[in-house]
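*Asks:* Have a look at the structure that comes next, please.
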Amino acid sequence: MPTLRSRPARYGVFFATYFYQGLIAGFSLTALANHLAGQGVSATEVGVHFAVAGLPWTVQPILWGPLVDRASGAAMGRRRVWSVLAVLGCHAALCGLLLVPNEAALGPLGLVFLGHSLFAALLDTACDRMVMDHVPEGELGRMSACTRAGFVTGTSLSAGLFGWMLAAYGFTVSVRWLLAAGVAASLPVLLVREGPGDALVSLARRGREAAEALPFGRFLRRLALGLRRPSALRLIALCVSIDGALALFEVPFSVDLVQAQGWDAAGLSRLQAGLALAGGTLGALGIGLWCDRSGPLPALRTLFLASAAAFAVTAGLIAAGLAGPAGPVILGLTSVLPGLLVVALVPALMRASRGRAGAATEFEVFMAVMNLGSVAGGAASGLVARILPLSAVAGLAALVLLASAALVRRPGLIVPKDAARDGPDGS
């Protein structure tokens, strides 16, 4: 049986894991959100739908980081046992969609996706820690590209397919196909072992390894010291501001295209899917190779500057009254380049976290504040859209991205002088 010590198996498992996450995200956050907008649901209500589904990701480090970081003694593998349990929990939660009468029941929908996100956050945490455990440092950029490609491929296929299916066949049929696709996509996670001596399925423990876990109090002290260092605080500020600014623009612009510019919701989903697929596959691979060759910071600086310019152009196009005719251009400018930022940002954050007692927890703190920014931006987008014109929101995003480019020029952002390591394994 293959294990994560095999390079092809590693890439296959992590691609599949993020492909699965993309399937659910493409359905809930793109196809379903656009479908709701097409039925006249307001930007505020769609933004709340985004926010509810994203809440568990904002507390991911508290919920799951210490559990995964301190894991030891599982016969199925130190981290894999949690990924398998998480996948099973995800499937169980999604089955709740079969009990939701229709897509207009926003309350029950939000609760189902909230439950799914709880387990998906655990899956994400376990897989991130397995990346740190099993992927050599010189391959982090390519692995980031692999996971990004998996996510955007899943998102793109899901958004395009289910955007059409929701319009053609309705909510119940779409949900059944989503469940079947999700089970198929999760099979590599369930079938590939972490190490050669690990059991494929077992809840037993290896008793002699259980005592090796770092005491919880000591773990928290080390984690707190790591997150208080200046470079970590700068990274936290960077992460929360990026996704917050992008979400402030993304939600109201999509709603505006459907409700004010007369776009078809399914057509919008297909266009968003195609743009994400183009940027997240070939584009992601190029950025990943660049990061492995030159380090992530040069790629990050370039992408921040290019994204800031893209949003500045977008602000000009909207201010000129061209939001409808130039919609495809605007979607390309505001989705492809910012989407590639994650490919360069992930290896940077992993290098900043690796080797610490709470490596997964610290990394998930960075990712959680990105999700917090996205959730806050999505929730506030309806209110902001009533106060500011879309051109001003795009200009605000450009300023945030420009400031981010200046921040990553600071020396010592990734491996700073204040980063005392905890040892090779960190625990």
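Chain lettering (A, B, ...) mirrors the order of the structure tokens, residue numbering begins at 1 for each chain separately, and ligand numbering begins at 1 in order of display.
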Could you name the residues that touch Ala319 in chain A at 12 Å or less, counting only C-alpha atoms, but leaving out those on the same chain fewer than 4 positions away, as a list in words?

*Replies:*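 Residues near the query, excluding close chain neighbours: Ala312, Val313, Thr314, Ala315, Ala323, Gly324, Ala326, Leu388, Pro389, Leu390, Ser391, Ala392, Val393, Ala394 and Gly395 of chain A.
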
*Asks:* Take the residues that were just selected and, keeping N, CA, C and O atoms, output them as a PDB file, in the first residue's frame.

*Replies:*
ATOM      1  N   ALA A 312      -6.627  48.822  -9.015  1.00  0.00           N
ATOM      2  CA  ALA A 312      -6.673  50.230  -9.392  1.00  0.00           C
ATOM      3  C   ALA A 312      -7.333  50.385 -10.768  1.00  0.00           C
ATOM      4  O   ALA A 312      -8.165  51.279 -10.981  1.00  0.00           O
ATOM      5  N   VAL A 313      -6.976  49.517 -11.706  1.00  0.00           N
ATOM      6  CA  VAL A 313      -7.610  49.540 -13.024  1.00  0.00           C
ATOM      7  C   VAL A 313      -9.103  49.236 -12.894  1.00  0.00           C
ATOM      8  O   VAL A 313      -9.948  49.868 -13.543  1.00  0.00           O
ATOM      9  N   THR A 314      -9.432  48.264 -12.044  1.00  0.00           N
ATOM     10  CA  THR A 314     -10.829  47.910 -11.812  1.00  0.00           C
ATOM     11  C   THR A 314     -11.622  49.102 -11.296  1.00  0.00           C
ATOM     12  O   THR A 314     -12.750  49.370 -11.744  1.00  0.00           O
ATOM     13  N   ALA A 315     -11.048  49.836 -10.345  1.00  0.00           N
ATOM     14  CA  ALA A 315     -11.726  51.020  -9.804  1.00  0.00           C
ATOM     15  C   ALA A 315     -12.016  52.024 -10.912  1.00  0.00           C
ATOM     16  O   ALA A 315     -13.106  52.616 -10.967  1.00  0.00           O
ATOM     17  N   ALA A 323     -18.851  48.650 -15.575  1.00  0.00           N
ATOM     18  CA  ALA A 323     -18.885  47.420 -14.774  1.00  0.00           C
ATOM     19  C   ALA A 323     -19.532  46.268 -15.526  1.00  0.00           C
ATOM     20  O   ALA A 323     -19.063  45.129 -15.451  1.00  0.00           O
ATOM     21  N   GLY A 324     -20.600  46.526 -16.265  1.00  0.00           N
ATOM     22  CA  GLY A 324     -21.267  45.466 -17.001  1.00  0.00           C
ATOM     23  C   GLY A 324     -20.492  45.008 -18.211  1.00  0.00           C
ATOM     24  O   GLY A 324     -20.124  43.825 -18.314  1.00  0.00           O
ATOM     25  N   ALA A 326     -17.406  45.508 -19.076  1.00  0.00           N
ATOM     26  CA  ALA A 326     -16.047  45.059 -18.742  1.00  0.00           C
ATOM     27  C   ALA A 326     -16.043  44.017 -17.625  1.00  0.00           C
ATOM     28  O   ALA A 326     -14.983  43.724 -17.062  1.00  0.00           O
ATOM     29  N   LEU A 388     -20.306  52.971   0.292  1.00  0.00           N
ATOM     30  CA  LEU A 388     -19.290  53.355  -0.694  1.00  0.00           C
ATOM     31  C   LEU A 388     -19.652  52.792  -2.059  1.00  0.00           C
ATOM     32  O   LEU A 388     -20.194  51.687  -2.155  1.00  0.00           O
ATOM     33  N   PRO A 389     -19.350  53.518  -3.125  1.00  0.00           N
ATOM     34  CA  PRO A 389     -19.518  52.937  -4.462  1.00  0.00           C
ATOM     35  C   PRO A 389     -18.496  51.818  -4.681  1.00  0.00           C
ATOM     36  O   PRO A 389     -17.444  51.780  -4.034  1.00  0.00           O
ATOM     37  N   LEU A 390     -18.809  50.903  -5.605  1.00  0.00           N
ATOM     38  CA  LEU A 390     -17.917  49.774  -5.859  1.00  0.00           C
ATOM     39  C   LEU A 390     -16.534  50.227  -6.303  1.00  0.00           C
ATOM     40  O   LEU A 390     -15.527  49.574  -6.006  1.00  0.00           O
ATOM     41  N   SER A 391     -16.463  51.328  -7.002  1.00  0.00           N
ATOM     42  CA  SER A 391     -15.150  51.826  -7.438  1.00  0.00           C
ATOM     43  C   SER A 391     -14.282  52.181  -6.239  1.00  0.00           C
ATOM     44  O   SER A 391     -13.066  51.928  -6.234  1.00  0.00           O
ATOM     45  N   ALA A 392     -14.897  52.758  -5.192  1.00  0.00           N
ATOM     46  CA  ALA A 392     -14.140  53.102  -3.992  1.00  0.00           C
ATOM     47  C   ALA A 392     -13.693  51.852  -3.236  1.00  0.00           C
ATOM     48  O   ALA A 392     -12.587  51.806  -2.679  1.00  0.00           O
ATOM     49  N   VAL A 393     -14.547  50.822  -3.212  1.00  0.00           N
ATOM     50  CA  VAL A 393     -14.169  49.573  -2.556  1.00  0.00           C
ATOM     51  C   VAL A 393     -12.980  48.939  -3.283  1.00  0.00           C
ATOM     52  O   VAL A 393     -12.041  48.433  -2.655  1.00  0.00           O
ATOM     53  N   ALA A 394     -13.003  48.959  -4.615  1.00  0.00           N
ATOM     54  CA  ALA A 394     -11.872  48.440  -5.394  1.00  0.00           C
ATOM     55  C   ALA A 394     -10.606  49.253  -5.119  1.00  0.00           C
ATOM     56  O   ALA A 394      -9.505  48.699  -5.007  1.00  0.00           O
ATOM     57  N   GLY A 395     -10.753  50.567  -5.000  1.00  0.00           N
ATOM     58  CA  GLY A 395      -9.590  51.403  -4.685  1.00  0.00           C
ATOM     59  C   GLY A 395      -9.034  51.111  -3.309  1.00  0.00           C
ATOM     60  O   GLY A 395      -7.810  51.111  -3.111  1.00  0.00           O
TER      61      GLY A 395
END

*Asks:* Need to verify the contact set: Leu331 in chain A, 10 Å, only C-alpha atoms, exclusion of same-chain residues closer than 4 positions in sequence. Can you return it as an mmCIF file with N, CA and C atoms, in the first residue's frame?

*Replies:*
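Saved the output as around.cif:
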data_model
loop_
_atom_site.group_PDB
_atom_site.id
_atom_site.type_symbol
_atom_site.label_atom_id
_atom_site.label_comp_id
_atom_site.auth_asym_id
_atom_site.auth_seq_id
_atom_site.Cartn_x
_atom_site.Cartn_y
_atom_site.Cartn_z
ATOM 1 N N GLU A 250 -15.533 41.342 -3.553
ATOM 2 C CA GLU A 250 -16.000 40.178 -4.316
ATOM 3 C C GLU A 250 -17.502 39.968 -4.211
ATOM 4 N N PHE A 253 -19.757 42.852 -5.836
ATOM 5 C CA PHE A 253 -19.588 42.929 -7.291
ATOM 6 C C PHE A 253 -20.327 41.795 -7.985
ATOM 7 N N SER A 254 -20.245 40.573 -7.421
ATOM 8 C CA SER A 254 -20.971 39.449 -8.013
ATOM 9 C C SER A 254 -22.481 39.688 -7.976
ATOM 10 N N LEU A 268 -22.358 33.409 -14.766
ATOM 11 C CA LEU A 268 -21.350 34.019 -13.903
ATOM 12 C C LEU A 268 -20.544 32.943 -13.185
ATOM 13 N N LEU A 271 -18.023 31.439 -15.605
ATOM 14 C CA LEU A 271 -16.895 32.330 -15.874
ATOM 15 C C LEU A 271 -15.939 32.372 -14.689
ATOM 16 N N GLN A 272 -16.472 32.488 -13.478
ATOM 17 C CA GLN A 272 -15.623 32.481 -12.294
ATOM 18 C C GLN A 272 -14.853 31.174 -12.187
ATOM 19 N N LEU A 275 -11.931 31.141 -14.837
ATOM 20 C CA LEU A 275 -10.828 32.021 -14.439
ATOM 21 C C LEU A 275 -10.019 31.407 -13.302
ATOM 22 N N ALA A 276 -10.720 30.850 -12.318
ATOM 23 C CA ALA A 276 -10.016 30.228 -11.192
ATOM 24 C C ALA A 276 -9.195 29.035 -11.656
ATOM 25 N N THR A 314 -9.432 48.264 -12.044
ATOM 26 C CA THR A 314 -10.829 47.910 -11.812
ATOM 27 C C THR A 314 -11.622 49.102 -11.296
ATOM 28 N N ALA A 323 -18.851 48.650 -15.575
ATOM 29 C CA ALA A 323 -18.885 47.420 -14.774
ATOM 30 C C ALA A 323 -19.532 46.268 -15.526
ATOM 31 N N ALA A 326 -17.406 45.508 -19.076
ATOM 32 C CA ALA A 326 -16.047 45.059 -18.742
ATOM 33 C C ALA A 326 -16.043 44.017 -17.625
ATOM 34 N N GLY A 327 -17.213 43.437 -17.336
ATOM 35 C CA GLY A 327 -17.305 42.466 -16.252
ATOM 36 C C GLY A 327 -16.313 41.319 -16.349
ATOM 37 N N SER A 335 -9.487 38.288 -9.660
ATOM 38 C CA SER A 335 -9.518 36.915 -9.151
ATOM 39 C C SER A 335 -8.243 36.136 -9.445
ATOM 40 N N VAL A 336 -7.679 36.261 -10.633
ATOM 41 C CA VAL A 336 -6.541 35.421 -11.014
ATOM 42 C C VAL A 336 -5.291 35.783 -10.222
#

*Asks:* Neighbouring residues of range 18-35 of chain A were defined as those with any atom within 7 Å, considering only C-alpha atoms; residues of the same chain fewer than 4 positions away were excluded. Please report them as a compact mmCIF listing (two decimals) with all heavy atoms, in the first residue's frame.

*Replies:*
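Written file, result_15.txt:
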# COMPACT_ATOMS: atom_id res chain seq x y z
N PHE A 14 -2.53 15.06 -1.24
CA PHE A 14 -2.78 16.45 -0.90
C PHE A 14 -3.58 17.16 -2.00
O PHE A 14 -4.40 18.04 -1.71
CB PHE A 14 -1.47 17.17 -0.59
CG PHE A 14 -0.79 16.63 0.64
CD1 PHE A 14 0.55 16.27 0.63
CD2 PHE A 14 -1.50 16.46 1.81
CE1 PHE A 14 1.17 15.76 1.76
CE2 PHE A 14 -0.89 15.95 2.95
CZ PHE A 14 0.44 15.59 2.92
N GLN A 39 -32.07 34.71 -7.55
CA GLN A 39 -33.44 34.65 -7.04
C GLN A 39 -33.82 35.91 -6.26
O GLN A 39 -34.88 35.96 -5.65
CB GLN A 39 -33.61 33.42 -6.15
CG GLN A 39 -33.50 32.10 -6.92
CD GLN A 39 -33.80 30.90 -6.04
OE1 GLN A 39 -33.55 30.92 -4.85
NE2 GLN A 39 -34.37 29.86 -6.65
N VAL A 46 -26.51 37.14 1.32
CA VAL A 46 -25.49 36.27 0.74
C VAL A 46 -24.21 36.37 1.55
O VAL A 46 -23.52 35.37 1.81
CB VAL A 46 -25.24 36.63 -0.74
CG1 VAL A 46 -24.08 35.82 -1.30
CG2 VAL A 46 -26.49 36.39 -1.56
N PHE A 50 -21.96 33.43 3.51
CA PHE A 50 -20.51 33.27 3.49
C PHE A 50 -19.97 33.20 4.92
O PHE A 50 -19.14 32.36 5.25
CB PHE A 50 -19.85 34.45 2.78
CG PHE A 50 -19.78 34.32 1.29
CD1 PHE A 50 -20.90 34.45 0.51
CD2 PHE A 50 -18.57 34.10 0.66
CE1 PHE A 50 -20.85 34.35 -0.86
CE2 PHE A 50 -18.50 33.99 -0.72
CZ PHE A 50 -19.63 34.12 -1.48
N THR A 147 -1.59 21.90 -3.93
CA THR A 147 -2.80 22.02 -3.13
C THR A 147 -3.71 23.12 -3.68
O THR A 147 -4.94 22.97 -3.70
CB THR A 147 -2.47 22.30 -1.66
OG1 THR A 147 -1.67 23.48 -1.55
CG2 THR A 147 -1.70 21.13 -1.05
N GLY A 150 -5.40 21.72 -6.68
CA GLY A 150 -6.48 20.84 -6.27
C GLY A 150 -7.71 21.61 -5.85
O GLY A 150 -8.84 21.29 -6.25
N PHE A 151 -7.50 22.66 -5.05
CA PHE A 151 -8.63 23.45 -4.56
C PHE A 151 -9.35 24.16 -5.69
O PHE A 151 -10.58 24.11 -5.79
CB PHE A 151 -8.15 24.46 -3.52
CG PHE A 151 -9.26 25.24 -2.88
CD1 PHE A 151 -10.04 24.68 -1.87
CD2 PHE A 151 -9.55 26.53 -3.30
CE1 PHE A 151 -11.08 25.40 -1.29
CE2 PHE A 151 -10.59 27.25 -2.73
CZ PHE A 151 -11.35 26.68 -1.72
N VAL A 152 -8.59 24.84 -6.56
CA VAL A 152 -9.27 25.61 -7.62
C VAL A 152 -9.87 24.70 -8.67
O VAL A 152 -10.90 25.03 -9.27
CB VAL A 152 -8.32 26.65 -8.27
CG1 VAL A 152 -7.82 27.64 -7.25
CG2 VAL A 152 -7.18 25.99 -9.00
N THR A 153 -9.26 23.52 -8.92
CA THR A 153 -9.87 22.58 -9.85
C THR A 153 -11.20 22.09 -9.30
O THR A 153 -12.22 22.06 -10.02
CB THR A 153 -8.94 21.38 -10.11
OG1 THR A 153 -7.70 21.84 -10.63
CG2 THR A 153 -9.56 20.41 -11.10
N GLY A 154 -11.21 21.73 -8.01
CA GLY A 154 -12.47 21.33 -7.38
C GLY A 154 -13.48 22.45 -7.37
O GLY A 154 -14.67 22.24 -7.69
N THR A 155 -13.03 23.65 -7.02
CA THR A 155 -13.93 24.80 -6.98
C THR A 155 -14.50 25.12 -8.36
O THR A 155 -15.70 25.37 -8.52
CB THR A 155 -13.20 26.03 -6.43
OG1 THR A 155 -12.67 25.74 -5.14
CG2 THR A 155 -14.12 27.23 -6.33
N SER A 156 -13.61 25.10 -9.36
CA SER A 156 -14.03 25.47 -10.71
C SER A 156 -15.02 24.46 -11.27
O SER A 156 -16.07 24.84 -11.83
CB SER A 156 -12.81 25.56 -11.63
OG SER A 156 -11.89 26.50 -11.14
N SER A 158 -16.88 22.39 -9.61
CA SER A 158 -18.09 22.43 -8.81
C SER A 158 -18.94 23.66 -9.14
O SER A 158 -20.16 23.56 -9.31
CB SER A 158 -17.72 22.42 -7.33
OG SER A 158 -18.87 22.44 -6.52
N ALA A 159 -18.28 24.82 -9.24
CA ALA A 159 -19.02 26.05 -9.54
C ALA A 159 -19.68 25.97 -10.90
O ALA A 159 -20.87 26.33 -11.06
CB ALA A 159 -18.08 27.25 -9.47
N PHE A 162 -22.37 22.77 -10.82
CA PHE A 162 -23.54 22.94 -9.96
C PHE A 162 -24.26 24.26 -10.22
O PHE A 162 -25.45 24.38 -9.91
CB PHE A 162 -23.14 22.79 -8.50
CG PHE A 162 -22.78 21.38 -8.13
CD1 PHE A 162 -21.47 21.03 -7.84
CD2 PHE A 162 -23.74 20.39 -8.13
CE1 PHE A 162 -21.13 19.72 -7.53
CE2 PHE A 162 -23.41 19.08 -7.82
CZ PHE A 162 -22.10 18.74 -7.53
N GLY A 163 -23.55 25.26 -10.78
CA GLY A 163 -24.24 26.47 -11.21
C GLY A 163 -25.27 26.15 -12.27
O GLY A 163 -26.40 26.66 -12.25
N GLY A 182 -18.24 14.15 -3.54
CA GLY A 182 -17.42 14.33 -2.35
C GLY A 182 -16.85 13.02 -1.83
O GLY A 182 -15.66 12.94 -1.46
N ALA A 185 -14.01 11.93 -4.19
CA ALA A 185 -12.81 12.75 -4.07
C ALA A 185 -12.03 12.45 -2.80
O ALA A 185 -10.82 12.69 -2.73
CB ALA A 185 -13.20 14.23 -4.10
N SER A 186 -12.69 11.93 -1.77
CA SER A 186 -12.02 11.70 -0.48
C SER A 186 -11.33 10.33 -0.39
O SER A 186 -10.66 10.05 0.59
CB SER A 186 -13.03 11.83 0.67
OG SER A 186 -13.99 10.79 0.61
N ALA A 265 -26.94 34.04 -13.54
CA ALA A 265 -26.19 33.53 -12.38
C ALA A 265 -25.36 32.31 -12.75
O ALA A 265 -24.19 32.20 -12.34
CB ALA A 265 -27.16 33.17 -11.25
N SER A 269 -21.21 31.92 -12.69
CA SER A 269 -20.51 30.82 -12.01
C SER A 269 -19.51 30.15 -12.95
O SER A 269 -18.38 29.83 -12.56
CB SER A 269 -21.50 29.79 -11.48
OG SER A 269 -22.32 30.34 -10.47

*Asks:* Using only C-alpha atoms, find the one residue out of A:Ser381, A:Thr125, A:Ser202, A:Ser374 that sits nearest to Phe249 in chain A.

*Replies:*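 Of the candidates, the smallest distance to Phe249 in chain A is held by A:Ser381.
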
*Asks:* Have a look at CA of Leu200 in chain A and CA of Ala86 in chain A and let me know their distance in Å, one decimal.

*Replies:*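 For CA of Leu200 in chain A relative to CA of Ala86 in chain A, the distance reads 15.3 Å.
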
*Asks:* Grab the CA of Val369 in chain A to CA of Leu118 in chain A distance for me, in Å with one decimal place.

*Replies:*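 Straight-line distance from CA of Val369 in chain A to CA of Leu118 in chain A works out to 16.0 Å.
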
*Asks:* Give me every alpha helix (DSSP H) residue in range 12-123 of chain A, going by DSSP on the backbone, as a PyMOL selection string.

*Replies:* chain A and resi 12-25+32-38+43-58+60-63+65-69+80-94+106-123
